[in-house]
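S.K.: Before I ask anything, let me first share the structure, which is written out below as structure tokens.
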Amino acid sequence: MRQVATGHPDAFAELYDRNAGVVLGFLRRMVETRDVAEELLQETFLQAWDQAERYDGNRAAPRSWLLTMAHSRAIDWIRSSKSRERRNRRAATEGVVASQVVDRDANERLVDRERSQKVRQALDGLPEEQRAAIELAFFGGMTHTQVAEALHAPLGTVKSRILLGFKKLRTLLGGLR
Amino acid sequence: MTTEHPHSHRQELLPLYALRALDDDAREEVEGHLRSCRACRRELAELEADLALLAEAPGPETPPSHVRRDLLREIETRTAEATAGIQSVRPAQVPVSRRRNRSTFGGRWMAVAAALLLVAGGLWVVHEIFQSRDETDVLRAEHDRLERELSAAQARIDALEEQRTALVRELHTLRDPSGHHVLLAGLEAAPEASARTVVSSTGDFARLYAFGLPELPEAQDYELWLIVDGRPVPAGVFDVDESGRAEIDVASLPPLDSIEAWAVTVEPAGGVPEPTGSMVLKG
């Protein structure tokens with residue numbers, strides 16, 4: 001990351017190669033349509049390039065940092081109503097376009113897939129109502145009020161489900177951190 | 001006011017804050033608290049790490065190769081512009097793919113229109129319609145981006161404004177000659193330590209400045225206690241920087257004459273409702 005901060009394109013390319021797949025997978029889950037996810041992927045990495053000097057290695061791993069930025073960008077996108085209109089319009093017209101697969105390191109991909117499977121297992125280990133509340137807020141980009149509406153549950157209940165879910169998740173995710 | 005809720009309440013809001021699931025008022029309250037509470041900042045970093053792991057649940061997807069190519073080209077341009085001392089005049093932030101589409105489609109329509117013009121001038125109108133649609137898309141994207149930047153800038157201004165209010169309050173507290181001060185002395189466990197609390201003239205807010213406290217392992221935090229009616233009341237959890245210093249705000253202070261003493265103990269990370277560890281400061 002230090003090399004990215006000092007403007008090394010090679011270091012940036014490596015950062016991209018190691019993390020773009022995971023970031024794109026996450027963005028696809030949040031915004032659904034491929035072209036928006038790819039746009040947000042580009043924006044996330046451009047933000048990383050621009051803000052690499054501010055990256056604090058004591059606070060987060062590079063991948064965490066990238067995913068946190070991607071999350072913010074996706075939420076901004078989801079909450080912008082104009083974008084939502086456009087997203088829907090595009091979703092209706094988007095055809096199936098095979099992405100050009102450039103598999104740079106099959107082993108690395110495999111490790112990423114195994115990690116993702118373990119995270120899903122951890123999520124599945126949560127009681128259903130806690131998992132649903134956390135997933136709607138996190139992947140759905142909803143506010144706690146929207147989550148409460150979606151689940152037909154009182155606001156206080158949703159808050160405590162999220163809190164309890166988080167506590168349990170940390171234990172369940174323990175081995176992966 | 002951010003002084004209405006105790007530390008524990010804000011700590012409970014942290015997961016929702018990390019999820020960006022709070023409404024504006026609650027979000028601002030948490031942001032205000034984060035600026036003065038290192039323990040909560042650390043917890044937020046932990047929560048963000050949890051969420052980043054959660055973000056890996058969907059699994060990787062291979063991006064199309066043009067995304068990588070476009071990105072590398074873009075940073076090359078930015079580097080060249082920076083080197084040449086040119087302020088990048090903004091096509092930069094428009095997502096590369098959108099600009100790509102624009103030029104491809106725009107160019108194609110331009111060529112088609114030119115040909116059509118030669119054949120039948122009337123069809124030129126058709127081209128214009130498509131061209132303007134394309135432009136509209138680009139302008140809308142730009143508009144969306146500017147809107148996002150504007151709201152981010154507004155959020156920064158709000159945060160700075162809140163920070164300013166907090167600093168002014170702190171300055172007034174420190175300058176107030178009638179303000180109440182308490183000195184805390186280091187005990188056997190930390191003989192080098194000392195602390196000073198400054199209470200605002202309104203009596204409802206205090207700040208503790210601690211010095212010379214040893215850094216603690218990850219699993220431990222310092223916890224501040226107010227001894228009221230002979231019983232310890234938790235008043236906040238904190239850790240110290242490399243030089244052994246810390247500042248901690250105590251909001252919703254009980255009446256000053258009811259506080260018999262101030263004390264700091266070493267506790268498990270995150271703090272406990274009743275003191276369990278050794279006392280390092282008292283006064």
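Residues are referred to by chain and number: the chain letter is A, B, ... according to the order shown in the structure tokens, the number counts from 1 in that chain, and ligands are numbered separately from 1 in the order shown.
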Return as JSON lines the residues of chain B lying at most 8 Å from chain A, together with the closest atom-to-atom pair for each and the distance in Å to one decimal, counting only C-alpha atoms, with rows in chain order and ascending residue number.

M.R.:
```
{"residue": "B:Glu12", "atom": "CA", "partner": "A:Leu163", "partner_atom": "CA", "distance": 7.3}
{"residue": "B:Pro15", "atom": "CA", "partner": "A:Leu163", "partner_atom": "CA", "distance": 6.6}
{"residue": "B:Leu16", "atom": "CA", "partner": "A:His144", "partner_atom": "CA", "distance": 7.5}
{"residue": "B:Leu19", "atom": "CA", "partner": "A:Phe138", "partner_atom": "CA", "distance": 5.9}
{"residue": "B:Arg20", "atom": "CA", "partner": "A:Thr143", "partner_atom": "CA", "distance": 6.9}
{"residue": "B:Ala21", "atom": "CA", "partner": "A:Thr143", "partner_atom": "CA", "distance": 3.8}
{"residue": "B:Leu22", "atom": "CA", "partner": "A:Thr143", "partner_atom": "CA", "distance": 5.9}
{"residue": "B:Asp23", "atom": "CA", "partner": "A:Thr143", "partner_atom": "CA", "distance": 7.2}
{"residue": "B:Ala45", "atom": "CA", "partner": "A:Arg59", "partner_atom": "CA", "distance": 6.2}
{"residue": "B:Glu48", "atom": "CA", "partner": "A:Thr68", "partner_atom": "CA", "distance": 7.0}
{"residue": "B:Ala49", "atom": "CA", "partner": "A:Ser64", "partner_atom": "CA", "distance": 6.0}
{"residue": "B:Asp50", "atom": "CA", "partner": "A:Arg170", "partner_atom": "CA", "distance": 6.7}
{"residue": "B:Leu51", "atom": "CA", "partner": "A:Thr68", "partner_atom": "CA", "distance": 7.8}
{"residue": "B:Ala52", "atom": "CA", "partner": "A:Ser64", "partner_atom": "CA", "distance": 4.9}
{"residue": "B:Leu53", "atom": "CA", "partner": "A:Val119", "partner_atom": "CA", "distance": 7.0}
{"residue": "B:Leu54", "atom": "CA", "partner": "A:Val119", "partner_atom": "CA", "distance": 6.3}
{"residue": "B:Ala55", "atom": "CA", "partner": "A:Phe26", "partner_atom": "CA", "distance": 5.6}
{"residue": "B:Glu56", "atom": "CA", "partner": "A:Ser116", "partner_atom": "CA", "distance": 5.1}
{"residue": "B:Ala57", "atom": "CA", "partner": "A:Ser116", "partner_atom": "CA", "distance": 4.4}
{"residue": "B:Pro58", "atom": "CA", "partner": "A:Gly25", "partner_atom": "CA", "distance": 5.8}
{"residue": "B:Gly59", "atom": "CA", "partner": "A:Ser116", "partner_atom": "CA", "distance": 5.0}
{"residue": "B:Pro60", "atom": "CA", "partner": "A:Val22", "partner_atom": "CA", "distance": 4.0}
{"residue": "B:Glu61", "atom": "CA", "partner": "A:Gly21", "partner_atom": "CA", "distance": 4.7}
{"residue": "B:Thr62", "atom": "CA", "partner": "A:Gly21", "partner_atom": "CA", "distance": 5.0}
{"residue": "B:Pro63", "atom": "CA", "partner": "A:Gly21", "partner_atom": "CA", "distance": 6.2}
{"residue": "B:Pro64", "atom": "CA", "partner": "A:Gln100", "partner_atom": "CA", "distance": 4.8}
{"residue": "B:Ser65", "atom": "CA", "partner": "A:Gln100", "partner_atom": "CA", "distance": 5.9}
{"residue": "B:Val67", "atom": "CA", "partner": "A:Gln42", "partner_atom": "CA", "distance": 6.9}
{"residue": "B:Arg68", "atom": "CA", "partner": "A:Tyr16", "partner_atom": "CA", "distance": 7.7}
{"residue": "B:Leu71", "atom": "CA", "partner": "A:Gln42", "partner_atom": "CA", "distance": 6.6}
{"residue": "B:Leu72", "atom": "CA", "partner": "A:Pro9", "partner_atom": "CA", "distance": 7.1}
{"residue": "B:Ile75", "atom": "CA", "partner": "A:Pro9", "partner_atom": "CA", "distance": 7.4}
{"residue": "B:Glu76", "atom": "CA", "partner": "A:Pro9", "partner_atom": "CA", "distance": 7.4}
{"residue": "B:Thr79", "atom": "CA", "partner": "A:Gly7", "partner_atom": "CA", "distance": 7.4}
{"residue": "B:Gln93", "atom": "CA", "partner": "A:Glu43", "partner_atom": "CA", "distance": 7.6}
{"residue": "B:Pro95", "atom": "CA", "partner": "A:Glu39", "partner_atom": "CA", "distance": 5.9}
{"residue": "B:Val96", "atom": "CA", "partner": "A:Gln42", "partner_atom": "CA", "distance": 7.4}
{"residue": "B:Ser97", "atom": "CA", "partner": "A:Glu39", "partner_atom": "CA", "distance": 6.7}
{"residue": "B:Arg98", "atom": "CA", "partner": "A:Glu39", "partner_atom": "CA", "distance": 7.9}
{"residue": "B:Asp144", "atom": "CA", "partner": "A:Ser83", "partner_atom": "CA", "distance": 7.6}
{"residue": "B:Arg148", "atom": "CA", "partner": "A:Asp76", "partner_atom": "CA", "distance": 7.3}
```

S.K.: Do a neighbour search on B:Arg196 at 9 Å with only C-alpha atoms, toss out local chain neighbours closer than 5 positions, and write the hits as a PyMOL selection string.

M.R.: chain B and resi 181-185+207-211+283

S.K.: Contacts of B:Glu242 at 12 Å or less, counting only C-alpha atoms, minus same-chain residues fewer than 5 places along, as an MDAnalysis selection string?

M.R.: chainID B and resid 211:216

S.K.: Excluding stretch 32-40 of chain B and its own-chain neighbours fewer than 5 positions away, which residues fall within 7 Å of it when counting only C-alpha atoms? Please give them as number ranges by chain.

M.R.: B: 11, 162, 237-239, 248-249

S.K.: So how many Å separate atom CA of B:Val198 and atom CA of B:Glu267, to one decimal?

M.R.: 23.6 Å

S.K.: What gap, in Å, lies between atom CA of A:Thr157 and atom CA of B:Ala18?

M.R.: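 Separating atom CA of A:Thr157 from atom CA of B:Ala18 is a distance of 18.3 Å.
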
S.K.: Give the strand (DSSP E) residues of stretch 183-255 of chain B, as DSSP finds them on the backbone, and put them as a PyMOL selection string.

M.R.: chain B and resi 183-186+194-199+206-211+220-228+231-238+246-250

S.K.: Neighbouring residues of A:Glu53 were defined as those with any atom within 8 Å, considering only C-alpha atoms; residues of the same chain fewer than 4 positions away were excluded. Please report them as a PyMOL selection string.

M.R.: chain A and resi 2+5-6

S.K.: Could you write out the selected residues, including C-alpha atoms, as a PDB file, in the first residue's frame?

M.R.:
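Result file again24.pdb:
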```pdb
ATOM      1  CA  ARG A   2       2.907   2.307   0.694  1.00  0.00           C
ATOM      2  CA  ALA A   5       0.531   5.822  -2.005  1.00  0.00           C
ATOM      3  CA  THR A   6       3.748   6.905  -3.649  1.00  0.00           C
TER       4      THR A   6
END
```
